[in-house]
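> Have a look at the structure that comes next, please.
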Amino acid sequence: MPAGSKKSGTFRKVFKKTPGGKTVVHYELRKPKQHKCAECGAELKGMPRLRPVEMQKLAKTEKRPERPYGGVLCSACARKKLIQEVRS
Amino acid sequence: MFEVGNICIKIAGRDSGLKCVIVEVLDDNFVLIDGQTRRRKCNVKHLEPLKDSIKIKNKVSHSEIVSEFKKLKIDIKETKPKKTPERPKKSKKVKMKPSNEKKASKEKTATKEKPKKEVVKKKADTPKPSFEKKEIKEEKPSKK
């Protein structure tokens with residue numbers, strides 16, 4: 001039976017084969033889901049799917065696109081918002 | 001709509017939200033822009049025109065646009081272009097042809113023989129003192 005900490009839903013079971021021929025269970029942490037647009041709900045591009053510990057090791061430019069509202073809105077919604085600001 | 005001298009805002013790209021002037025009309029779809037953005041070709045779909053416009057001749061230089069924008073109180077940041085770093089060069093292993101390989105192998109054996117000869121010479125040098133010692137021992141009983 002696994003250790004108590006491994007019974008949580010954050011872990012998933014991965015079955016691996018050893019060189020001796022036996023299959024063995026490994027408990028691995030799950031990756032987080034892809035970030036979504038705040039307005040339309042579409043999946044955002046240019047953002048990695050990593051745990052917070054690994055995200056801290058990346059540079060700022062590697063985590064989001066270089067654009068206003070990058071990482072918050074998708075490109076189509078950002079264009080609409082900029083046009084609204086101009087026309088108001 | 002899109003004529004030389006119109007002030008627009010860029011909607012798309014990493015320089016979106018910045019103001020620019022149309023310097024030259026290239027096509028129905030493409031236009032040369034300059035201002036707060038870099039001097040570059042741009043698609044008309046990525047621009048949103050404003051009501052302002054400046055009187056500029058066709059194909060004006062960057063320095064004149066900077067002076068015109070100062071009158072409108074728009075700040076322009078001057079940036080230097082980035083130097084692309086050199087790619088690391090991989091040292092290629094020269095593949096020898098079969099005719100060249102024989103020559104190379106001969107050269108390699110010739111170079112190997114030289115140090116071997118030196119080692120043999122050294123071995124010949126070392127046993128000499130042992131022979132000398134034996135001679136000394138033989139002399140002693142003869143003296144007695």
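Chain identifiers are assigned as A, B, and so on, following the order in which chains appear in the structure tokens; residues are numbered from 1 within each chain, and ligands are numbered from 1 in order of appearance.
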Quick one: everything within 12 Å of stretch 69-71 of chain B, counting only C-alpha atoms, minus sequence neighbours fewer than 5 positions away in the same chain. Send it as a ChimeraX atom specification.
/B:5,7,19-21,34-36,52-56,62-64,76-77
> Output C-alpha atoms of each residue in that selection to a file, as a CSV table (one decimal), in the first residue's frame.

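Everything below was put into result_3.csv:
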```csv
chain,number,residue,atom,x,y,z
B,5,GLY,CA,0.3,61.8,-42.4
B,7,ILE,CA,-1.9,59.2,-36.9
B,19,LYS,CA,0.9,55.8,-31.7
B,20,CYS,CA,2.4,55.9,-35.2
B,21,VAL,CA,2.3,57.9,-38.4
B,34,ASP,CA,7.0,55.2,-37.9
B,35,GLY,CA,6.8,57.0,-34.5
B,36,GLN,CA,6.7,55.4,-31.1
B,52,ASP,CA,-5.5,63.7,-35.9
B,53,SER,CA,-3.2,64.0,-38.9
B,54,ILE,CA,0.1,65.7,-39.6
B,55,LYS,CA,1.3,67.3,-42.9
B,56,ILE,CA,4.2,65.2,-44.0
B,62,HIS,CA,12.9,59.4,-38.5
B,63,SER,CA,14.4,62.5,-37.1
B,64,GLU,CA,11.8,64.8,-38.6
B,76,ILE,CA,9.3,58.7,-28.3
B,77,LYS,CA,11.8,56.4,-26.6
```
> Based on the backbone DSSP call, show me all residues of chain A assigned strand (DSSP E or B), as a PyMOL selection string.
chain A and resi 11-17+23-29+36+43
> Define the interface residues of chain A facing chain B as those within 10 Å, counting only C-alpha atoms, and report them as a PDB file with all heavy atoms, in the first residue's frame.

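See part36.pdb below for the written result:
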```pdb
ATOM      1  N   PRO A  65       3.013  36.305 -23.036  1.00  0.00           N
ATOM      2  CA  PRO A  65       3.371  37.003 -24.272  1.00  0.00           C
ATOM      3  C   PRO A  65       3.652  38.476 -24.014  1.00  0.00           C
ATOM      4  O   PRO A  65       3.120  39.092 -23.102  1.00  0.00           O
ATOM      5  CB  PRO A  65       2.139  36.830 -25.164  1.00  0.00           C
ATOM      6  CG  PRO A  65       1.059  36.407 -24.285  1.00  0.00           C
ATOM      7  CD  PRO A  65       1.634  35.797 -23.086  1.00  0.00           C
ATOM      8  N   GLU A  66       4.524  39.049 -24.902  1.00  0.00           N
ATOM      9  CA  GLU A  66       4.953  40.440 -24.779  1.00  0.00           C
ATOM     10  C   GLU A  66       3.940  41.331 -25.464  1.00  0.00           C
ATOM     11  O   GLU A  66       4.144  41.758 -26.595  1.00  0.00           O
ATOM     12  CB  GLU A  66       6.328  40.629 -25.428  1.00  0.00           C
ATOM     13  CG  GLU A  66       7.478  40.161 -24.593  1.00  0.00           C
ATOM     14  CD  GLU A  66       7.893  41.186 -23.551  1.00  0.00           C
ATOM     15  OE1 GLU A  66       7.497  42.353 -23.660  1.00  0.00           O
ATOM     16  OE2 GLU A  66       8.608  40.796 -22.626  1.00  0.00           O
ATOM     17  N   ARG A  67       2.859  41.638 -24.760  1.00  0.00           N
ATOM     18  CA  ARG A  67       1.758  42.365 -25.394  1.00  0.00           C
ATOM     19  C   ARG A  67       0.931  42.936 -24.268  1.00  0.00           C
ATOM     20  O   ARG A  67       0.858  42.338 -23.189  1.00  0.00           O
ATOM     21  CB  ARG A  67       0.944  41.341 -26.204  1.00  0.00           C
ATOM     22  CG  ARG A  67      -0.062  41.886 -27.161  1.00  0.00           C
ATOM     23  CD  ARG A  67      -1.186  40.949 -27.492  1.00  0.00           C
ATOM     24  NE  ARG A  67      -0.827  39.608 -27.808  1.00  0.00           N
ATOM     25  CZ  ARG A  67      -1.480  38.539 -27.350  1.00  0.00           C
ATOM     26  NH1 ARG A  67      -2.499  38.677 -26.540  1.00  0.00           N
ATOM     27  NH2 ARG A  67      -1.113  37.343 -27.689  1.00  0.00           N
ATOM     28  N   PRO A  68       0.295  44.122 -24.447  1.00  0.00           N
ATOM     29  CA  PRO A  68      -0.632  44.543 -23.389  1.00  0.00           C
ATOM     30  C   PRO A  68      -1.743  43.525 -23.196  1.00  0.00           C
ATOM     31  O   PRO A  68      -2.234  42.936 -24.164  1.00  0.00           O
ATOM     32  CB  PRO A  68      -1.188  45.873 -23.899  1.00  0.00           C
ATOM     33  CG  PRO A  68      -0.588  46.114 -25.207  1.00  0.00           C
ATOM     34  CD  PRO A  68       0.505  45.159 -25.435  1.00  0.00           C
ATOM     35  N   GLY A  70      -1.208  40.698 -22.000  1.00  0.00           N
ATOM     36  CA  GLY A  70      -0.663  39.387 -22.281  1.00  0.00           C
ATOM     37  C   GLY A  70      -0.734  38.516 -21.039  1.00  0.00           C
ATOM     38  O   GLY A  70      -0.335  38.918 -19.970  1.00  0.00           O
ATOM     39  N   SER A  75      -5.669  37.226 -27.754  1.00  0.00           N
ATOM     40  CA  SER A  75      -5.292  38.310 -28.681  1.00  0.00           C
ATOM     41  C   SER A  75      -6.510  39.005 -29.269  1.00  0.00           C
ATOM     42  O   SER A  75      -6.535  40.223 -29.447  1.00  0.00           O
ATOM     43  CB  SER A  75      -4.417  37.754 -29.794  1.00  0.00           C
ATOM     44  OG  SER A  75      -5.085  36.703 -30.448  1.00  0.00           O
ATOM     45  N   ALA A  76      -7.572  38.245 -29.551  1.00  0.00           N
ATOM     46  CA  ALA A  76      -8.777  38.852 -30.152  1.00  0.00           C
ATOM     47  C   ALA A  76      -9.464  39.786 -29.167  1.00  0.00           C
ATOM     48  O   ALA A  76      -9.887  40.896 -29.532  1.00  0.00           O
ATOM     49  CB  ALA A  76      -9.732  37.746 -30.598  1.00  0.00           C
ATOM     50  N   ALA A  78      -8.065  41.301 -26.633  1.00  0.00           N
ATOM     51  CA  ALA A  78      -7.209  42.460 -26.373  1.00  0.00           C
ATOM     52  C   ALA A  78      -7.391  43.516 -27.456  1.00  0.00           C
ATOM     53  O   ALA A  78      -7.402  44.713 -27.176  1.00  0.00           O
ATOM     54  CB  ALA A  78      -5.747  42.020 -26.290  1.00  0.00           C
ATOM     55  N   ARG A  79      -7.536  43.072 -28.702  1.00  0.00           N
ATOM     56  CA  ARG A  79      -7.750  44.024 -29.804  1.00  0.00           C
ATOM     57  C   ARG A  79      -9.051  44.785 -29.606  1.00  0.00           C
ATOM     58  O   ARG A  79      -9.144  45.993 -29.791  1.00  0.00           O
ATOM     59  CB  ARG A  79      -7.807  43.283 -31.134  1.00  0.00           C
ATOM     60  CG  ARG A  79      -6.479  42.933 -31.682  1.00  0.00           C
ATOM     61  CD  ARG A  79      -6.577  42.449 -33.107  1.00  0.00           C
ATOM     62  NE  ARG A  79      -5.493  41.549 -33.400  1.00  0.00           N
ATOM     63  CZ  ARG A  79      -5.242  41.028 -34.596  1.00  0.00           C
ATOM     64  NH1 ARG A  79      -6.025  41.298 -35.611  1.00  0.00           N
ATOM     65  NH2 ARG A  79      -4.226  40.223 -34.764  1.00  0.00           N
ATOM     66  N   LYS A  80     -10.129  44.064 -29.225  1.00  0.00           N
ATOM     67  CA  LYS A  80     -11.435  44.721 -29.010  1.00  0.00           C
ATOM     68  C   LYS A  80     -11.333  45.775 -27.925  1.00  0.00           C
ATOM     69  O   LYS A  80     -11.901  46.877 -28.031  1.00  0.00           O
ATOM     70  CB  LYS A  80     -12.474  43.674 -28.602  1.00  0.00           C
ATOM     71  CG  LYS A  80     -12.955  42.794 -29.721  1.00  0.00           C
ATOM     72  CD  LYS A  80     -13.987  41.811 -29.211  1.00  0.00           C
ATOM     73  CE  LYS A  80     -14.266  40.754 -30.250  1.00  0.00           C
ATOM     74  NZ  LYS A  80     -15.134  39.672 -29.737  1.00  0.00           N
ATOM     75  N   LYS A  81     -10.591  45.443 -26.865  1.00  0.00           N
ATOM     76  CA  LYS A  81     -10.493  46.375 -25.739  1.00  0.00           C
ATOM     77  C   LYS A  81      -9.721  47.637 -26.131  1.00  0.00           C
ATOM     78  O   LYS A  81     -10.067  48.749 -25.737  1.00  0.00           O
ATOM     79  CB  LYS A  81      -9.835  45.684 -24.556  1.00  0.00           C
ATOM     80  CG  LYS A  81     -10.165  46.332 -23.238  1.00  0.00           C
ATOM     81  CD  LYS A  81     -10.012  45.418 -22.065  1.00  0.00           C
ATOM     82  CE  LYS A  81     -10.651  46.080 -20.855  1.00  0.00           C
ATOM     83  NZ  LYS A  81     -10.519  45.316 -19.625  1.00  0.00           N
ATOM     84  N   LEU A  82      -8.636  47.466 -26.921  1.00  0.00           N
ATOM     85  CA  LEU A  82      -7.847  48.626 -27.354  1.00  0.00           C
ATOM     86  C   LEU A  82      -8.674  49.530 -28.251  1.00  0.00           C
ATOM     87  O   LEU A  82      -8.601  50.759 -28.165  1.00  0.00           O
ATOM     88  CB  LEU A  82      -6.589  48.162 -28.078  1.00  0.00           C
ATOM     89  CG  LEU A  82      -5.449  47.611 -27.200  1.00  0.00           C
ATOM     90  CD1 LEU A  82      -4.383  46.991 -28.064  1.00  0.00           C
ATOM     91  CD2 LEU A  82      -4.861  48.679 -26.322  1.00  0.00           C
ATOM     92  N   ILE A  83      -9.491  48.923 -29.138  1.00  0.00           N
ATOM     93  CA  ILE A  83     -10.337  49.732 -30.031  1.00  0.00           C
ATOM     94  C   ILE A  83     -11.375  50.498 -29.219  1.00  0.00           C
ATOM     95  O   ILE A  83     -11.674  51.667 -29.484  1.00  0.00           O
ATOM     96  CB  ILE A  83     -11.006  48.838 -31.092  1.00  0.00           C
ATOM     97  CG1 ILE A  83      -9.949  48.317 -32.069  1.00  0.00           C
ATOM     98  CG2 ILE A  83     -12.076  49.579 -31.849  1.00  0.00           C
ATOM     99  CD1 ILE A  83     -10.444  47.234 -32.986  1.00  0.00           C
ATOM    100  N   GLU A  85     -11.044  51.573 -26.146  1.00  0.00           N
ATOM    101  CA  GLU A  85     -10.376  52.690 -25.464  1.00  0.00           C
ATOM    102  C   GLU A  85     -10.120  53.845 -26.414  1.00  0.00           C
ATOM    103  O   GLU A  85     -10.194  55.013 -26.036  1.00  0.00           O
ATOM    104  CB  GLU A  85      -9.044  52.200 -24.865  1.00  0.00           C
ATOM    105  CG  GLU A  85      -9.190  51.306 -23.653  1.00  0.00           C
ATOM    106  CD  GLU A  85      -7.858  50.706 -23.230  1.00  0.00           C
ATOM    107  OE1 GLU A  85      -6.816  51.115 -23.774  1.00  0.00           O
ATOM    108  OE2 GLU A  85      -7.870  49.826 -22.361  1.00  0.00           O
ATOM    109  N   VAL A  86      -9.790  53.534 -27.663  1.00  0.00           N
ATOM    110  CA  VAL A  86      -9.501  54.586 -28.648  1.00  0.00           C
ATOM    111  C   VAL A  86     -10.767  55.362 -28.985  1.00  0.00           C
ATOM    112  O   VAL A  86     -10.769  56.592 -29.073  1.00  0.00           O
ATOM    113  CB  VAL A  86      -8.883  53.966 -29.918  1.00  0.00           C
ATOM    114  CG1 VAL A  86      -8.882  54.970 -31.050  1.00  0.00           C
ATOM    115  CG2 VAL A  86      -7.483  53.494 -29.641  1.00  0.00           C
ATOM    116  N   ARG A  87     -11.880  54.633 -29.160  1.00  0.00           N
ATOM    117  CA  ARG A  87     -13.090  55.293 -29.654  1.00  0.00           C
ATOM    118  C   ARG A  87     -13.831  56.047 -28.550  1.00  0.00           C
ATOM    119  O   ARG A  87     -14.653  56.910 -28.841  1.00  0.00           O
ATOM    120  CB  ARG A  87     -14.005  54.255 -30.296  1.00  0.00           C
ATOM    121  CG  ARG A  87     -13.420  53.774 -31.601  1.00  0.00           C
ATOM    122  CD  ARG A  87     -14.299  52.796 -32.335  1.00  0.00           C
ATOM    123  NE  ARG A  87     -13.636  52.370 -33.565  1.00  0.00           N
ATOM    124  CZ  ARG A  87     -14.081  51.409 -34.355  1.00  0.00           C
ATOM    125  NH1 ARG A  87     -15.191  50.756 -34.053  1.00  0.00           N
ATOM    126  NH2 ARG A  87     -13.420  51.085 -35.445  1.00  0.00           N
TER     127      ARG A  87
END
```
> Find the distance between atom CA of A:Val53 and atom CA of A:Arg30 and write it in Å to one decimal.
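So the answer is 13.3 Å.
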> Tell me, which residues of chain A carry DSSP helix (DSSP H, G or I), written as a ChimeraX atom specification?
/A:4-7,52-56,60-62,75-87
> Within 9 Å of A:Thr10, counting only C-alpha atoms, which residues qualify if same-chain residues fewer than 4 places away don't, as a PyMOL selection string?
chain A and resi 6+28-31
> Provide the atom CA of B:Ile33 to atom CA of B:Lys83 distance in Å, to one decimal place.
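Spanning atom CA of B:Ile33 to atom CA of B:Lys83 is a straight-line distance of 22.9 Å.
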> Choose the residue, out of A:Ser8, A:Ala38, A:Pro32, A:Arg64, that has the smallest atom-to-atom separation from A:Pro52; count only C-alpha atoms.
A:Pro32
